[in-house]
Structures are given as C-alpha cells and as structure tokens.
Amino acid sequence: MSLRAYNVIKEAEVIIGYKTYIDLIADLTEGKEVISSGMTREVERCLQAIEMAAAGRYVVIVSSGDPGIYGMAGITLELVEKQEMVGKIQVEIVPGITSANAAAASLGAALMHDFAVISLSDLLTPWELIEKRLEAAAMGDFVTILYNPMSKKRTEQIKRAREIFLRFKSPDTPVGIVRNAKRSGEVVTRTDLEHLLEHTIDMFTVVLIGNCQTYHTDNFMITPRGYKV
C-alpha cells in the first residue's frame with residue numbers, strides 16, 4: 001500500500017471492507033471498529049460508510065490495491081452523489097499500488113510500453129464485451145494484464161482468453177504469472193502463451209502477456225521501450 005493509505009488506516013476510527021482485505025491488514029485494525037462482509041455486499045458497505053461519515057466518524061473503506069482500479073472508489077462516489085452527500089462529507093480517494101504494477105515489478109520491466117488491463121470476471125461485465133476487448137488488445141499487440149483470471153466457478157474464461165491471444169500471437173510469446181504480488185507468499189512464474197494453463201492461476205493471481213518484443217532473461221521479463229542499447 002502507499003504510505004498515505006497506511007497513515008489513513010492508522011488514523012481511522014472505523015474500517016469497512018471485504019473480509020479478505022480486512023484480514024490482510026489485521027495488524028492495523030487493533031482498537032478500531034471493524035465492519036467486514038462478503039462478496040456482492042459492496043453497495044451495502046458504501047452506504048454504511050456514508051452514514052457513519054455523515055454522523056461525524058472518520059471512516060475508511062478498504063479496497064484491494066488501488067481503489068480506483070476495479071476497486072471501491074467508483075461506487076463510493078456514485079453513492080455519495082445519489083445520497084445527496086456531496087459537500088456534506090469529505091471524501092478522499094487514496095491511491096495505492098494496483099497488482100498490475102506490483103506484478104510487473106516482481107517480473108522485471110514488463111510494462112515499459114503500451115499496455116491494457118482487462119478483468120476476466122463477468123460478474124458485472126458481459127462476457128461478450130470482455131471477449132471483444134481481449135481481441136482488440138491481442139490484435140493491437142498490447143502487453144496485456146489479466147485481472148481475476150480464474151476462480152473456483154470461473155474456469156473457462158482464461159482458456160478462452162488464451163485461445164483469442166493465440167490467434168494473433170506466437171505460442172512462445174512471453175507470459176508472467178504472479179500470485180500474491182508484493183504480499184507474503186508471493187510466487188512469480190515466467191512461461192509462455194503455449195504453456196500458460198500448466199501453472200496455478202486463481203483470484204490472487206495476475207497474468208501478464210507480453211507484446212511481440214517482450215522477452216525473458218534468466219531473471220526478468222522485459223518489454224523494450226525502444227531505446228538503442
């Protein structure tokens with residue numbers, strides 16, 4: 001997390017969030033009121049945070065990585081406006097480090113050129129639209145980061161994504177797989193598009209697919225920026 005995020009959590013009276021993310025910051029929650037809940041309860045958590053903030057409490061909504069990237073910032077701001085609380089409560093979006101950046105750093109320098117970030121979760125986005133975006137990213141030769149690549153229930157999406165990329169890219173296109181990026185228990189795997197599915201992939205994993213110039217060294221995954229070296 002960013003230093004600002006750390007300090008805000010330390011200063012807060014109330015911490016609200018998805019249980020898994022609350023558990024990740026257990027060392028920062030001592031002595032605070034903690035409200036956690038499961039998946040699909042995002043709106044409920046935001047409304048509760050707004051209500052408590054309106055009552056004068058210092059409330060933090062915990063999100064994973066960066067709250068503005070597949071996180072809680074959007075729904076929070078939407079609900080603040082819908083509840084007519086704009087100007088009545090102070091809202092700060094505190095940036096963090098999204099797993100795309102964290103994973104790329106663990107791999108080396110995979111995002112040195114244009115890239116796209118696509119979530120394979122079709123919980124809120126139709127799969128047909130996700131497929132169009134995957135095809136566009138593959139066709140455009142973007143380095144592509146896949147969020148939410150596989151869950152216990154969603155096992156086919158990553159297979160379909162690989163099929164789409166193989167239509168436009170070589171099977172030996174470098175791929176990086178990072179689980180628990182920059183967290184305890186981090187696992188970094190470097191492979192290629194052909195062998196992508198042979199490795200462990202879950203909701204704690206991000207997958208980085210290189211462009212036509214990306215390559216692996218003995219220790220790193222690198223996408224050249226274009227400098228003459």
# chains A, B, ... in the order shown; residues from 1 in each chain; ligands from 1
>>> residues_around(residues="range 63-68 of chain A", least_positions_apart="6", cutoff="7 Å", atoms="only C-alpha atoms", output="CSV table (one decimal) with N, CA and C atoms, in the first residue's frame")
chain,number,residue,atom,x,y,z
A,1,MET,N,0.8,-1.2,0.0
A,1,MET,CA,0.0,0.0,0.0
A,1,MET,C,0.9,1.2,0.0
A,17,GLY,N,-14.9,-3.1,5.0
A,17,GLY,CA,-14.4,-3.7,3.8
A,17,GLY,C,-14.7,-5.1,3.6
A,21,TYR,N,-9.9,-8.6,2.5
A,21,TYR,CA,-9.0,-7.5,2.5
A,21,TYR,C,-8.8,-7.0,3.9
A,74,GLY,N,-15.2,4.0,-7.3
A,74,GLY,CA,-16.3,4.4,-8.2
A,74,GLY,C,-17.7,4.3,-7.6
A,95,PRO,N,-4.7,6.7,-3.4
A,95,PRO,CA,-4.2,5.8,-4.3
A,95,PRO,C,-3.3,4.8,-3.6
A,96,GLY,N,-3.3,3.6,-4.3
A,96,GLY,CA,-2.4,2.5,-3.8
A,96,GLY,C,-1.6,2.0,-4.9
A,97,ILE,N,-1.2,0.7,-4.8
A,97,ILE,CA,-0.4,0.1,-5.9
A,97,ILE,C,-1.2,-1.1,-6.4
A,98,THR,N,-1.7,-0.9,-7.6
A,98,THR,CA,-2.5,-2.0,-8.2
A,98,THR,C,-1.6,-3.2,-8.6
A,99,SER,N,-2.2,-4.4,-8.7
A,99,SER,CA,-1.5,-5.6,-8.9
A,99,SER,C,-0.8,-5.6,-10.2
>>> closest_atom_pairs(of="range 67-120 of chain A", to="range 137-145 of chain A", cutoff="8 Å", atoms="only C-alpha atoms", output="Markdown table")
| residue | atom | partner | partner_atom | distance |
| --- | --- | --- | --- | --- |
| A:Ala100 | CA | A:Ile145 | CA | 6.5 |
| A:Ala110 | CA | A:Val143 | CA | 7.8 |
| A:Leu111 | CA | A:Val143 | CA | 6.9 |
| A:His113 | CA | A:Val143 | CA | 7.5 |
| A:Asp114 | CA | A:Phe142 | CA | 5.9 |
| A:Phe115 | CA | A:Val143 | CA | 4.5 |
| A:Ala116 | CA | A:Thr144 | CA | 4.9 |
| A:Val117 | CA | A:Ile145 | CA | 4.7 |
| A:Ile118 | CA | A:Ile145 | CA | 6.2 |
>>> closest_residue(among="A:Val43, A:Leu3, A:Leu120, A:Ile69", to="Thr155 in chain A", atoms="only C-alpha atoms")
A:Leu120
>>> residues_around(residues="range 182-184 of chain A", least_positions_apart="4", cutoff="9 Å", atoms="only C-alpha atoms", output="MDAnalysis selection string")
chainID A and resid 99 102:103 105:106
>>> residues_around(residues="Glu128 in chain A", least_positions_apart="6", cutoff="12 Å", atoms="only C-alpha atoms", output="list of chain:residue names")
A:Leu120, A:Ser121, A:Asp122, A:Leu134, A:Glu135, A:Gln157, A:Arg160, A:Ala161
>>> write_last_selection(atoms="C-alpha atoms", output="PDB file, in the first residue's frame")
ATOM      1  CA  LEU A 120     -11.922 -11.722 -16.877  1.00  0.00           C
ATOM      2  CA  SER A 121     -14.684 -11.505 -14.281  1.00  0.00           C
ATOM      3  CA  ASP A 122     -18.073 -11.409 -15.983  1.00  0.00           C
ATOM      4  CA  LEU A 134      -9.372  -9.268 -25.395  1.00  0.00           C
ATOM      5  CA  GLU A 135      -9.421  -9.481 -29.181  1.00  0.00           C
ATOM      6  CA  GLN A 157     -12.522 -17.689 -19.223  1.00  0.00           C
ATOM      7  CA  ARG A 160     -10.873 -18.665 -23.939  1.00  0.00           C
ATOM      8  CA  ALA A 161      -8.573 -15.679 -23.402  1.00  0.00           C
TER       9      ALA A 161
END
>>> residues_around(residues="range 23-34 of chain A", least_positions_apart="3", cutoff="10 Å", atoms="only C-alpha atoms", output="PyMOL selection string")
chain A and resi 6-7+9-20+59-60+62+64+183-184
>>> atom_distance(atom1="CA of Gly108 in chain A", atom2="CA of Thr223 in chain A")
9.1 Å
>>> select_by_dssp(residues="range 7-224 of chain A", states="strand (DSSP E or B)", output="ChimeraX atom specification")
/A:14-18,33-37,59-62,86,89,108-109,115-119,143-147,174-179,187-192,205-209,215-216,221-222
>>> atom_distance(atom1="CA of Ala53 in chain A", atom2="CA of Ala5 in chain A")
17.7 Å
>>> atom_distance(atom1="CA of Phe165 in chain A", atom2="CA of Leu129 in chain A")
15.5 Å
>>> residues_around(residues="Val206 in chain A", least_positions_apart="4", cutoff="10 Å", atoms="only C-alpha atoms", output="list in words")
Ser99, Ala100, Ala102, Ala103, Ala104, Ser119, Ile145, Leu146, Tyr147, Asn148, Pro149, Met150, Gly176, Ile177, Val178, Arg179, Asn180, Ala181, Ile201 and Asp202 of chain A
>>> write_last_selection(atoms="N, CA, C and O atoms", output="compact mmCIF listing (two decimals), in the first residue's frame")
# COMPACT_ATOMS: atom_id res chain seq x y z
N SER A 99 -2.24 -4.35 -8.65
CA SER A 99 -1.46 -5.57 -8.85
C SER A 99 -0.76 -5.61 -10.20
O SER A 99 0.23 -6.32 -10.36
N ALA A 100 -1.23 -4.83 -11.18
CA ALA A 100 -0.51 -4.77 -12.46
C ALA A 100 0.89 -4.22 -12.26
O ALA A 100 1.88 -4.78 -12.74
N ALA A 102 2.51 -3.95 -9.33
CA ALA A 102 3.24 -4.80 -8.39
C ALA A 102 3.79 -6.04 -9.09
O ALA A 102 4.96 -6.41 -8.92
N ALA A 103 2.94 -6.70 -9.88
CA ALA A 103 3.37 -7.90 -10.57
C ALA A 103 4.45 -7.60 -11.60
O ALA A 103 5.43 -8.35 -11.75
N ALA A 104 4.29 -6.50 -12.33
CA ALA A 104 5.29 -6.13 -13.33
C ALA A 104 6.65 -5.89 -12.69
O ALA A 104 7.69 -6.27 -13.24
N SER A 119 -10.17 -7.31 -16.96
CA SER A 119 -10.65 -8.27 -15.96
C SER A 119 -11.44 -9.35 -16.67
O SER A 119 -12.30 -9.07 -17.51
N ILE A 145 -2.54 -7.26 -19.22
CA ILE A 145 -2.61 -7.79 -17.86
C ILE A 145 -4.02 -8.28 -17.63
O ILE A 145 -4.99 -7.55 -17.85
N LEU A 146 -4.15 -9.52 -17.19
CA LEU A 146 -5.45 -10.11 -16.93
C LEU A 146 -5.69 -10.16 -15.42
O LEU A 146 -4.96 -10.83 -14.69
N TYR A 147 -6.72 -9.44 -14.97
CA TYR A 147 -7.16 -9.50 -13.58
C TYR A 147 -8.24 -10.57 -13.45
O TYR A 147 -8.92 -10.91 -14.42
N ASN A 148 -8.42 -11.06 -12.24
CA ASN A 148 -9.47 -12.05 -11.94
C ASN A 148 -9.49 -13.18 -12.99
O ASN A 148 -10.53 -13.48 -13.57
N PRO A 149 -8.35 -13.80 -13.23
CA PRO A 149 -8.27 -14.75 -14.35
C PRO A 149 -9.02 -16.05 -14.14
O PRO A 149 -9.50 -16.64 -15.12
N MET A 150 -9.14 -16.50 -12.90
CA MET A 150 -9.81 -17.78 -12.66
C MET A 150 -10.28 -17.87 -11.21
O MET A 150 -9.58 -17.45 -10.29
N GLY A 176 4.00 -13.77 -17.88
CA GLY A 176 4.36 -13.77 -16.47
C GLY A 176 3.12 -14.02 -15.63
O GLY A 176 2.05 -13.48 -15.91
N ILE A 177 3.25 -14.86 -14.62
CA ILE A 177 2.14 -15.16 -13.71
C ILE A 177 2.62 -14.84 -12.30
O ILE A 177 3.63 -15.38 -11.84
N VAL A 178 1.91 -13.95 -11.62
CA VAL A 178 2.32 -13.55 -10.27
C VAL A 178 1.15 -13.73 -9.32
O VAL A 178 0.06 -13.18 -9.53
N ARG A 179 1.38 -14.52 -8.29
CA ARG A 179 0.38 -14.74 -7.25
C ARG A 179 0.79 -14.01 -5.99
O ARG A 179 1.94 -14.03 -5.59
N ASN A 180 -0.15 -13.32 -5.36
CA ASN A 180 0.12 -12.52 -4.16
C ASN A 180 1.22 -11.49 -4.42
O ASN A 180 2.21 -11.41 -3.67
N ALA A 181 1.06 -10.71 -5.46
CA ALA A 181 2.08 -9.73 -5.84
C ALA A 181 2.42 -8.80 -4.69
O ALA A 181 1.55 -8.14 -4.13
N ILE A 201 -3.32 -20.77 -11.31
CA ILE A 201 -3.93 -19.47 -11.55
C ILE A 201 -5.21 -19.39 -10.73
O ILE A 201 -6.04 -20.31 -10.79
N ASP A 202 -5.38 -18.32 -9.97
CA ASP A 202 -6.59 -18.15 -9.18
C ASP A 202 -6.88 -16.67 -9.01
O ASP A 202 -6.31 -15.83 -9.71
>>> residues_around(residues="Ile75 in chain A", least_positions_apart="2", cutoff="8 Å", atoms="only C-alpha atoms", output="list in words")
Glu42, Val43, Cys46, Met72, Ala73, Leu77, Glu78 and Leu79 of chain A
>>> closest_residue(among="A:Leu107, A:Pro171, A:Met52, A:Lys88", to="Glu186 in chain A", atoms="only C-alpha atoms")
A:Leu107
